Amino acid sequence: MILANVFCLLFFLGTGADPAVSAKSNHCLDAAKACNLNDNCKKLRSSYISICNREISPTERCNRRKCHKALRQFFDRVPSEYTYRMLFCSCQDQACAERRRQTILPSCSYEDKEKPNCLDLRGVCRTDHLCRSRLADFHANCRASYQTLTSCPADNYQACLGSYAGMIGFDMTPNYVDSSPTGIVVSPWCSCRGSGNMEEECEKFLRDFTENPCLRNAIQAFGNGTDVNLSPKNPSFQATQAPRVEKTPSLPDDLSDSTSLGTSVITTCTSVQEQGLKANNSKELSMCFTELTTNIIPGSNKVIKPNSGPRRATPSAALTAVSFLMLKLTL
């Protein structure tokens, strides 16, 4: 036993490595290596790294639009067991934290010459209904809840992390603000400078990222492995079974998930709730009401209204029938 300990000490001294430091694993580096062992992860990661690092001109460092598209493909098509490990890995030193921050290549996909106003950035996001839908999901799944142990709605860390990762690849892309290994602060690339009388709303929106206990706890729990089985397996309510609909052919890979009916309905309604528009002045709200209170028969253009169906007998008709029967009996 003593000889073994002496051998280990001589080994570390010979290699110039510190035993305490060597015992620490760079989890972000391990995550990158695991991705390279998976063909799909390696292919899509190599693709976005190549696109996001391709300089167009001395004044334009990269094609940001193509970079965002490649990032969306990576996070949408690679299993979360690989993407989450790269994005939410825990770190003990600055080198590891910088690798974590560089996961999405911030010089192209995240940073810019000047920080725009956060409300302007939110406005740009809302003009794209896929980005608007992802932002609404983030607010729904990562909002701070003080009625749960984890500060997340229904104690569901996975839903919050999924909504966060879903926002990567848009102008609203969030990222770590610095290379601090333990002080986890994430934010879109924006500030509230120049907000005028909207400064309070802007600061509130920004705090949803920078000072969000649900998001921070979810990231930390994933990094240290304490997020296992935190979300409830069985919901406490009974879900209503949806009517059976004819199976439609799957969309090709080049079409985004924004074309699905479910996303468009949720997007329209959540955007109205987010903006706090009045019911009588909102065209979008009337669209929500129409879409959520009517059903379209598959394969036809007919619309069934909720109150449509066989008409019931009116009270006057029933009384007439009873009177007629009583008269017949007296005769």
# chains A, B, ... in the order shown; residues from 1 in each chain; ligands from 1
$ residues_around --residues "Pro188 (chain A)" --least-positions-apart "5" --cutoff "12 Å" --atoms "only C-alpha atoms" --output "ChimeraX atom specification"
/A:106,109-112,115-122,125,135,164,167-177,205-210
$ residues_around --residues "region 91-103 of chain A" --least-positions-apart "3" --cutoff "7 Å" --atoms "only C-alpha atoms" --output "ChimeraX atom specification"
/A:26-28,86-87,106,175-176,179-182
$ write_last_selection --atoms "N, CA and C atoms" --output "CSV table (one decimal), in the first residue's frame"
chain,number,residue,atom,x,y,z
A,26,ASN,N,-12.6,18.0,-16.4
A,26,ASN,CA,-13.2,19.1,-17.2
A,26,ASN,C,-14.4,18.5,-17.8
A,27,HIS,N,-15.6,18.7,-17.2
A,27,HIS,CA,-16.8,18.1,-17.7
A,27,HIS,C,-17.2,18.6,-19.1
A,28,CYS,N,-16.9,19.8,-19.4
A,28,CYS,CA,-17.2,20.4,-20.7
A,28,CYS,C,-16.4,19.7,-21.8
A,86,MET,N,-23.0,19.5,-23.0
A,86,MET,CA,-22.1,20.5,-23.5
A,86,MET,C,-22.5,21.9,-23.0
A,87,LEU,N,-23.8,22.1,-22.9
A,87,LEU,CA,-24.3,23.4,-22.6
A,87,LEU,C,-24.4,23.7,-21.1
A,106,PRO,N,-19.9,32.4,-29.3
A,106,PRO,CA,-20.5,33.7,-29.1
A,106,PRO,C,-20.1,34.8,-30.0
A,175,ASN,N,-26.8,33.2,-23.4
A,175,ASN,CA,-25.5,32.6,-23.2
A,175,ASN,C,-25.0,33.0,-21.9
A,176,TYR,N,-23.9,32.4,-21.4
A,176,TYR,CA,-23.2,32.8,-20.2
A,176,TYR,C,-22.6,34.2,-20.4
A,179,SER,N,-16.9,34.0,-17.9
A,179,SER,CA,-16.3,32.7,-17.7
A,179,SER,C,-16.1,32.4,-16.2
A,180,SER,N,-17.0,32.8,-15.4
A,180,SER,CA,-17.0,32.4,-14.0
A,180,SER,C,-17.4,31.0,-13.9
A,181,PRO,N,-16.6,30.1,-13.2
A,181,PRO,CA,-16.9,28.7,-13.1
A,181,PRO,C,-18.2,28.4,-12.3
A,182,THR,N,-18.4,29.2,-11.3
A,182,THR,CA,-19.6,28.9,-10.4
A,182,THR,C,-20.7,29.9,-10.4
$ residues_around --residues "region 74-76 of chain A" --least-positions-apart "5" --cutoff "12 Å" --atoms "only C-alpha atoms" --output "ChimeraX atom specification"
/A:35,40-49,67-69,81-87,103-104,161-169,253,256-257
$ write_last_selection --atoms "N, CA, C and O atoms" --output "CSV table (one decimal), in the first residue's frame"
chain,number,residue,atom,x,y,z
A,35,CYS,N,-19.6,13.8,-27.6
A,35,CYS,CA,-20.3,14.2,-28.8
A,35,CYS,C,-19.5,13.7,-30.1
A,35,CYS,O,-20.2,13.2,-31.0
A,40,ASN,N,-23.9,11.4,-35.4
A,40,ASN,CA,-24.9,12.5,-35.7
A,40,ASN,C,-24.4,13.8,-35.0
A,40,ASN,O,-24.4,14.9,-35.6
A,41,CYS,N,-24.1,13.7,-33.7
A,41,CYS,CA,-23.6,14.8,-32.9
A,41,CYS,C,-22.4,15.4,-33.5
A,41,CYS,O,-22.3,16.7,-33.7
A,42,LYS,N,-21.4,14.6,-33.9
A,42,LYS,CA,-20.1,15.1,-34.4
A,42,LYS,C,-20.4,15.8,-35.8
A,42,LYS,O,-19.8,16.9,-36.0
A,43,LYS,N,-21.2,15.2,-36.6
A,43,LYS,CA,-21.5,15.8,-37.9
A,43,LYS,C,-22.1,17.2,-37.8
A,43,LYS,O,-21.7,18.2,-38.4
A,44,LEU,N,-23.2,17.3,-37.0
A,44,LEU,CA,-23.9,18.6,-36.9
A,44,LEU,C,-23.1,19.6,-36.1
A,44,LEU,O,-23.2,20.8,-36.3
A,45,ARG,N,-22.3,19.2,-35.1
A,45,ARG,CA,-21.4,20.1,-34.4
A,45,ARG,C,-20.3,20.6,-35.3
A,45,ARG,O,-20.0,21.8,-35.3
A,46,SER,N,-19.7,19.8,-36.1
A,46,SER,CA,-18.7,20.2,-37.0
A,46,SER,C,-19.3,21.2,-38.0
A,46,SER,O,-18.6,22.2,-38.4
A,47,SER,N,-20.5,21.0,-38.4
A,47,SER,CA,-21.2,21.8,-39.4
A,47,SER,C,-21.3,23.2,-38.8
A,47,SER,O,-21.0,24.2,-39.5
A,48,TYR,N,-21.9,23.4,-37.6
A,48,TYR,CA,-22.1,24.7,-37.1
A,48,TYR,C,-20.8,25.4,-36.7
A,48,TYR,O,-20.7,26.6,-36.9
A,49,ILE,N,-19.8,24.7,-36.3
A,49,ILE,CA,-18.5,25.3,-36.0
A,49,ILE,C,-17.9,25.8,-37.3
A,49,ILE,O,-17.4,27.0,-37.3
A,67,CYS,N,-25.3,30.8,-39.3
A,67,CYS,CA,-24.8,30.3,-38.1
A,67,CYS,C,-26.0,29.9,-37.2
A,67,CYS,O,-26.0,28.8,-36.6
A,68,HIS,N,-27.0,30.8,-37.0
A,68,HIS,CA,-28.1,30.5,-36.2
A,68,HIS,C,-28.9,29.3,-36.7
A,68,HIS,O,-29.3,28.5,-35.9
A,69,LYS,N,-29.0,29.2,-38.0
A,69,LYS,CA,-29.7,28.0,-38.6
A,69,LYS,C,-29.0,26.7,-38.3
A,69,LYS,O,-29.6,25.7,-37.9
A,81,GLU,N,-29.0,14.3,-24.4
A,81,GLU,CA,-28.0,13.6,-23.6
A,81,GLU,C,-26.6,14.1,-24.0
A,81,GLU,O,-25.6,14.1,-23.3
A,82,TYR,N,-26.5,14.6,-25.3
A,82,TYR,CA,-25.2,15.2,-25.8
A,82,TYR,C,-25.2,16.7,-25.7
A,82,TYR,O,-24.3,17.3,-25.2
A,83,THR,N,-26.3,17.3,-26.1
A,83,THR,CA,-26.3,18.8,-26.2
A,83,THR,C,-26.4,19.4,-24.8
A,83,THR,O,-25.7,20.4,-24.5
A,84,TYR,N,-27.1,18.8,-23.9
A,84,TYR,CA,-27.2,19.4,-22.5
A,84,TYR,C,-25.9,19.3,-21.8
A,84,TYR,O,-25.5,20.1,-21.0
A,85,ARG,N,-25.2,18.2,-22.0
A,85,ARG,CA,-23.9,18.0,-21.4
A,85,ARG,C,-22.9,19.1,-21.8
A,85,ARG,O,-22.1,19.5,-21.0
A,86,MET,N,-23.0,19.5,-23.0
A,86,MET,CA,-22.1,20.5,-23.5
A,86,MET,C,-22.5,21.9,-23.0
A,86,MET,O,-21.7,22.8,-22.7
A,87,LEU,N,-23.8,22.1,-22.9
A,87,LEU,CA,-24.3,23.4,-22.6
A,87,LEU,C,-24.4,23.7,-21.1
A,87,LEU,O,-24.2,24.9,-20.7
A,103,THR,N,-19.5,27.2,-26.3
A,103,THR,CA,-20.2,26.2,-26.9
A,103,THR,C,-21.0,26.6,-28.1
A,103,THR,O,-21.0,25.9,-29.2
A,104,ILE,N,-21.6,27.8,-28.1
A,104,ILE,CA,-22.4,28.3,-29.2
A,104,ILE,C,-21.6,29.3,-30.0
A,104,ILE,O,-22.2,30.1,-30.8
A,161,LEU,N,-34.9,23.6,-19.0
A,161,LEU,CA,-33.7,23.5,-19.8
A,161,LEU,C,-34.0,23.3,-21.3
A,161,LEU,O,-33.3,23.9,-22.1
A,162,GLY,N,-35.0,22.6,-21.6
A,162,GLY,CA,-35.4,22.4,-23.0
A,162,GLY,C,-35.9,23.7,-23.6
A,162,GLY,O,-35.5,24.0,-24.7
A,163,SER,N,-36.6,24.5,-22.8
A,163,SER,CA,-37.1,25.8,-23.3
A,163,SER,C,-35.9,26.8,-23.5
A,163,SER,O,-35.8,27.6,-24.5
A,164,TYR,N,-34.9,26.7,-22.6
A,164,TYR,CA,-33.7,27.6,-22.7
A,164,TYR,C,-32.9,27.2,-24.0
A,164,TYR,O,-32.6,28.0,-24.8
A,165,ALA,N,-32.7,25.9,-24.2
A,165,ALA,CA,-31.9,25.4,-25.3
A,165,ALA,C,-32.7,25.7,-26.6
A,165,ALA,O,-32.1,26.0,-27.7
A,166,GLY,N,-34.0,25.7,-26.6
A,166,GLY,CA,-34.8,26.0,-27.8
A,166,GLY,C,-34.7,27.4,-28.3
A,166,GLY,O,-35.0,27.7,-29.4
A,167,MET,N,-34.2,28.3,-27.4
A,167,MET,CA,-34.0,29.7,-27.9
A,167,MET,C,-32.7,30.0,-28.6
A,167,MET,O,-32.5,31.1,-29.1
A,168,ILE,N,-31.8,29.0,-28.5
A,168,ILE,CA,-30.5,29.2,-29.2
A,168,ILE,C,-30.7,29.1,-30.7
A,168,ILE,O,-31.3,28.2,-31.2
A,169,GLY,N,-30.1,30.0,-31.4
A,169,GLY,CA,-30.3,30.0,-32.8
A,169,GLY,C,-31.2,31.1,-33.3
A,169,GLY,O,-31.6,31.1,-34.5
A,253,ASP,N,-37.0,17.3,-43.6
A,253,ASP,CA,-36.0,17.9,-42.7
A,253,ASP,C,-35.9,19.4,-42.9
A,253,ASP,O,-35.5,20.1,-42.0
A,256,SER,N,-39.3,23.7,-41.0
A,256,SER,CA,-39.2,23.9,-39.6
A,256,SER,C,-40.5,23.5,-38.9
A,256,SER,O,-41.5,23.3,-39.5
A,257,ASP,N,-40.4,23.3,-37.6
A,257,ASP,CA,-41.5,22.8,-36.8
A,257,ASP,C,-42.5,24.0,-36.6
A,257,ASP,O,-43.6,23.8,-36.0
